[in-house]
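Student: Following this message is one structure expressed as structure tokens.
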Amino acid sequence: MLKILKYSFYDLMRSRWSYVYFLFYLLLGFVLLFLNNDVNKAVITLMNIIIVLTPLIGTIFGVMYYYNSKEFTELLLAQPINRSKIFMGQYLGISISLTLSLVLGLGIPFVLYGLFKSTAIFNFSLLLVVGSFLNFIFVALSYNIALSTENKIKGFGYAILMWLFLAVIYDGIFLISLVMFNEYPLDKFSLVATMFNPIDLSRILILLKLDISALLGYTGAVFRKFFGTNLGMVLSMLILVFWVLIPIVRMNFKLRKKDF
Amino acid sequence: MRFINLLFFLFFISVLQAKQIEVCESCAIKSIKDAIEIAEKGDEILIKTGLYKEHDIIVSKSVVIIGEKGVILDGEGVGGIFTFEADNFTIKNVKIINVGSSYTVDYAAIKVVKAQNFIIENCTFESVFFGILIEKSKKGIIRNNKISSNRASEASSGNGIHIWDGDKMEVYNNELFGLRDGIYFEFVKNSFVYNNLSTNNIRYGLHFMFSNKNEYHHNEFRNNGAGVAVMFSKYISMHHNKFRLNWGSASYGLLLKEIYDAEIYNNLFEENTIGINGEGCTRINYKNNSFLRNGWAIKIAGACYANIFTNNDFMHNSLDLAYNSKLNDNKFDNNYWSEYTGYDLDKNGIGDIPYRPVKLFSYIVNQTPEALVLLRSLFVDIINFSEKVSPVFTPDDLLDENPKMKRINDSI
């Protein structure tokens with residue numbers, strides 16, 4: 001598995017896209033800090049970008065990589081190597097290279113601008129942890145989609161739809177249900193509803209760590225009571241881990257039966 | 001005429017005859033109580049440096065009490081310290097510590113009852129229950145005092161400067177922190193509050209109740225539990241104040257409740273959860289105020305009529321305006337909005353298309369507060385954008401016809 005991981009990783013490193021992605025984050029980090037020079041404020045702006053863009057890039061990279069390297073994968077499958085090792089290697093290769101681009105791309109400008117002296121260091125590291133989780137989750141989800149769909153175009157379509165659903169449509173449904181069931185106590189419901197969407201969960205996790213959480217009022221108080229404790233933090237991290245593990249388990253399950 | 005001159009002459013003589021009574025450990029008079037006992041109208045009591053453990057000192061004569069540098073009156077947490085029940089008194093340069101607290105009696109470092117023409121200045125009050133408590137008095141000046149306390153809860157703490165039923169009072173250059181309300185006015189009229197600094201109080205930095213025709217300006221209110229509250233009052237002028245960092249789930253810079261005919265201008269509202277929270281406000285002019293980085297810049301609940309907002313700066317607030325009724329005759333004109341995306345083709349400094357300060361999301365949040373959980377979600381940005389392009393839900397007539405292109409009040 002390590003060999004395949006290494007191969008996928010180097011393959012992606014050699015391809016231009018990893019660098020483009022890395023440079024994009026590097027530039028973003030520098031521009032943000034140049035424009036407002038305040039690490040704390042930059043973290044908020046960055047959150048907006050990370051929770052939308054990381055899942056999107058993860059999804060597209062995952063699907064693209066699967067379809068692109070399909071021939072090579074088939075060649076590998078002919079060798080006496082465990083199927084799940086091949087795919088796990090590829091999966092980890094993509095996820096790790098994307099995460100590396102994210103962490104280095106944002107980390108370098110922030111460190112240069114005196115992150116270690118700032119109080120924002122915890123918020124910033126939480127942001128990176130959450131961003132990395134989102135990478136792992138969305139690459140896994142898109143791999144699942146690609147594995148289940150032979151047709152390239154369809155696969156791409158489903159993957160983009162999945163991203164669209166989790167990033168936008170889910171919130172729409174959430175909002176509509178909140179408005180519709182206005183007369184009922186909704187704080188527990190909204191707590192559970194955020195759990196079922198990794199993007200929402202990441203957003204809330206970061207929001208609650210920032211000053212802006214005071215805006216959330218009563219619902220915010222319920223959320224903070226839950227996420228603010230160590231238990232809540234651990235629990236939400238666990239949920240993010242589950243969001244990684246469940247697609248991986250399904251992937252392995254699917255692999256065993258798939259006819260290549 | 002001659003008679004009046006004679007009166008003046010007699011008056012001056014009586015003033016000149018006023019004697020000075022010294023109080024110190026080695027003096028003939030060792031306690032402040034004894035000094036007041038023997039004092040006559042117009043006398044001056046000089047308290048020499050030292051620690052005096054006294055409380056419940058009742059002053060019913062018009063005297064001047066002056067402390068030397070380093071005078072400390074320790075109430076030992078038993079009760080109130082001074083109670084003045086006379087006109088024309090002055091107290092200055094005294095440091096009072098440890099006033100007793102009670103749930104039934106309002107103990108104060110200095111309590112003034114039914115007095116006129118008095119001055120309280122250069123005093124320091126530490127760990128007090130109430131600092132200065134004034135009842136049914138007129139024409140008092142309270143200046144250059146420093147009042148602080150360290151109480152934990154709202155119920156067990158008192159107010160810094162508390163005036164109940166007053167007229168023509170002046171409160172200035174005071175510093176207040178760690179109290180319940182920094183300054184509290186109830187049934188006070190024709191009074192001025194200026195150049196005060198009120199910070200880190202448990203409840204309000206400044207609190208007005210049923211107090212008409214007052215003016216407060218050049219004060220700074222920072223980090224207070226709930227901000228500044230002005231309630232049930234008419235003809236109040238608020239200008240050049242700074243409301244900063246009142247941040248918490250139930251905080252605001254300025255709370256206006258049942259306010260009529262007020263003028264609010266040249267104030268700075270910076271990083272408050274809600275800049276101005278208005279309920280039942282009518283005929284108020286908001287001019288040249290700056291709203292920087294607040295959660296909501298302005299939140300207006302029902303029953304607000306004829307409010308006019310002109311030349312204000314709204315910059316980088318999470319939500320500029322929250323509004324929960326469709327009907328309104330409130331007017332926004334010539335303000336600067338940092339989120340305005342219009343253009344100015346004729347270069348007259350005024351945007352060519354009107355700005356709509358109420359976003360769809362802030363409208364929804366008003367209906368369903370739980371929806372705030374979706375703050376900063378991509379979906380919310382999308383619906384805000386589509387609402388901006390073609391408004392359906394937000395009030396049609398609530399718009400700024402002449403949004404400014406550049407910030408107006410740079411100097412604040």
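Letters for chains follow the order of the structure tokens (A, B, ...), residue numbers begin at 1 for each chain, and ligand numbers begin at 1 in the order shown.
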Give me the residues within 12 Å of Ile248 in chain A as a ChimeraX atom specification, counting only C-alpha atoms and dropping any in the same chain fewer than 2 places off.
Tutor: /A:84-85,87-89,91-92,136-145,147,241-246,250-255
Student: I'd like the contact shell of range 220-223 of chain B - 7 Å cut-off, only C-alpha atoms, skipping same-chain residues fewer than 5 positions apart - returned as a list in words.
Tutor: Asn196, Leu197, Ser198, Thr199, Asn200, Gly205, Asn241, Lys242, Phe243, Arg244, Leu245 and Asn246 of chain B
Student: Please find the residues of chain B near chain A - the criterion being any atom within 12 Å, counting only C-alpha atoms - and write them as a VMD selection string.
Tutor: chain B and resid 245 to 252 271 to 275 293 to 297 316 to 319 361 to 383
Student: Write to file, as a compact mmCIF listing (two decimals), in the first residue's frame, the residues of the selection just made, with C-alpha atoms.
Tutor:
# COMPACT_ATOMS: atom_id res chain seq x y z
CA LEU B 245 -16.69 46.31 22.65
CA ASN B 246 -20.01 45.58 24.29
CA TRP B 247 -19.84 42.05 23.07
CA GLY B 248 -21.95 39.16 24.34
CA SER B 249 -25.10 37.32 23.47
CA ALA B 250 -27.34 39.89 25.18
CA SER B 251 -25.24 43.03 24.69
CA TYR B 252 -25.60 46.14 22.63
CA GLU B 271 -17.54 46.04 17.79
CA ASN B 272 -20.79 45.71 19.67
CA THR B 273 -23.05 42.72 19.20
CA ILE B 274 -25.81 45.17 18.35
CA GLY B 275 -24.85 48.80 17.70
CA ARG B 293 -17.62 45.96 12.78
CA ASN B 294 -20.76 45.39 14.83
CA GLY B 295 -22.80 42.21 14.65
CA TRP B 296 -25.90 44.19 13.78
CA ALA B 297 -25.35 47.89 13.26
CA HIS B 316 -18.06 45.94 7.95
CA ASN B 317 -20.97 45.01 10.15
CA SER B 318 -22.13 41.40 9.91
CA LEU B 319 -25.64 42.68 9.30
CA PHE B 361 -31.01 36.81 5.65
CA SER B 362 -31.49 39.45 8.33
CA TYR B 363 -35.18 39.44 7.45
CA ILE B 364 -35.35 35.66 7.90
CA VAL B 365 -33.35 35.80 11.11
CA ASN B 366 -35.88 38.22 12.52
CA GLN B 367 -38.67 35.75 11.82
CA THR B 368 -36.72 32.68 12.90
CA PRO B 369 -33.82 33.49 15.19
CA GLU B 370 -32.56 29.91 15.01
CA ALA B 371 -31.69 30.49 11.36
CA LEU B 372 -28.64 32.44 12.55
CA VAL B 373 -26.90 29.09 12.72
CA LEU B 374 -26.51 29.41 8.96
CA LEU B 375 -24.49 32.62 9.26
CA ARG B 376 -21.68 32.69 6.69
CA SER B 377 -22.99 29.72 4.79
CA LEU B 378 -22.70 29.79 1.01
CA PHE B 379 -26.44 29.34 0.66
CA VAL B 380 -27.07 32.48 2.65
CA ASP B 381 -24.73 34.48 0.40
CA ILE B 382 -26.59 33.18 -2.63
CA ILE B 383 -30.06 34.10 -1.38
Student: Would you mind listing what lies within 7 Å of range 157-169 of chain B as JSON, numbers by chain, with only C-alpha atoms counted and same-chain residues fewer than 5 positions away left out?
Tutor: {"B": [129, 130, 131, 132, 133, 134, 135, 136, 137, 138, 139, 140, 141, 147, 151, 176, 179, 180, 181, 182, 183, 184, 185, 186, 187, 188, 189, 190, 191, 192]}
Student: Which is closest to Asn150 in chain B among B:Cys123, B:Ala303, B:Val112, B:Ile202, if we use only C-alpha atoms?
Tutor: B:Ile202
Student: So which residues touch Leu33 in chain A within 8 Å, counting only C-alpha atoms, skipping near sequence neighbours fewer than 2 positions away, as a list in words?
Tutor: Gly29, Phe30, Val31, Leu35, Asn36, Asn37, Asp38, Val39, Ala42, Pro109, Phe110 and Tyr113 of chain A
Student: Could those selected residues go to a file with N, CA and C atoms, as a PDB file, in the first residue's frame?
Tutor:
ATOM      1  N   GLY A  29      -3.228  33.504   1.103  1.00  0.00           N
ATOM      2  CA  GLY A  29      -2.750  33.821   2.446  1.00  0.00           C
ATOM      3  C   GLY A  29      -2.038  35.159   2.476  1.00  0.00           C
ATOM      4  N   PHE A  30      -1.119  35.365   1.530  1.00  0.00           N
ATOM      5  CA  PHE A  30      -0.359  36.612   1.511  1.00  0.00           C
ATOM      6  C   PHE A  30      -1.256  37.810   1.246  1.00  0.00           C
ATOM      7  N   VAL A  31      -2.173  37.662   0.277  1.00  0.00           N
ATOM      8  CA  VAL A  31      -3.039  38.791  -0.078  1.00  0.00           C
ATOM      9  C   VAL A  31      -3.934  39.163   1.103  1.00  0.00           C
ATOM     10  N   LEU A  35      -3.741  42.673   2.970  1.00  0.00           N
ATOM     11  CA  LEU A  35      -4.867  43.602   2.932  1.00  0.00           C
ATOM     12  C   LEU A  35      -5.320  44.034   4.318  1.00  0.00           C
ATOM     13  N   ASN A  36      -5.388  43.123   5.286  1.00  0.00           N
ATOM     14  CA  ASN A  36      -5.823  43.641   6.590  1.00  0.00           C
ATOM     15  C   ASN A  36      -4.850  43.430   7.734  1.00  0.00           C
ATOM     16  N   ASN A  37      -3.740  42.761   7.445  1.00  0.00           N
ATOM     17  CA  ASN A  37      -2.647  42.754   8.410  1.00  0.00           C
ATOM     18  C   ASN A  37      -3.015  42.251   9.806  1.00  0.00           C
ATOM     19  N   ASP A  38      -4.198  41.714   9.952  1.00  0.00           N
ATOM     20  CA  ASP A  38      -4.629  41.237  11.262  1.00  0.00           C
ATOM     21  C   ASP A  38      -4.926  39.749  11.139  1.00  0.00           C
ATOM     22  N   VAL A  39      -4.120  38.953  11.834  1.00  0.00           N
ATOM     23  CA  VAL A  39      -4.253  37.508  11.688  1.00  0.00           C
ATOM     24  C   VAL A  39      -5.657  37.045  12.075  1.00  0.00           C
ATOM     25  N   ALA A  42      -8.127  37.770   9.335  1.00  0.00           N
ATOM     26  CA  ALA A  42      -7.846  36.943   8.168  1.00  0.00           C
ATOM     27  C   ALA A  42      -8.406  35.536   8.360  1.00  0.00           C
ATOM     28  N   PRO A 109       2.501  31.809   4.701  1.00  0.00           N
ATOM     29  CA  PRO A 109       2.267  33.254   4.893  1.00  0.00           C
ATOM     30  C   PRO A 109       1.895  33.608   6.328  1.00  0.00           C
ATOM     31  N   PHE A 110       1.107  32.765   6.977  1.00  0.00           N
ATOM     32  CA  PHE A 110       0.680  33.091   8.340  1.00  0.00           C
ATOM     33  C   PHE A 110       1.846  33.042   9.315  1.00  0.00           C
ATOM     34  N   TYR A 113       3.855  36.111   8.861  1.00  0.00           N
ATOM     35  CA  TYR A 113       3.223  37.312   9.408  1.00  0.00           C
ATOM     36  C   TYR A 113       3.078  37.259  10.927  1.00  0.00           C
TER      37      TYR A 113
END
Student: State, in Å with one decimal place, the distance from CA of Glu387 in chain B to CA of Gly342 in chain B.
Tutor: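 Taking CA of Glu387 in chain B and CA of Gly342 in chain B, their separation equals 15.2 Å.
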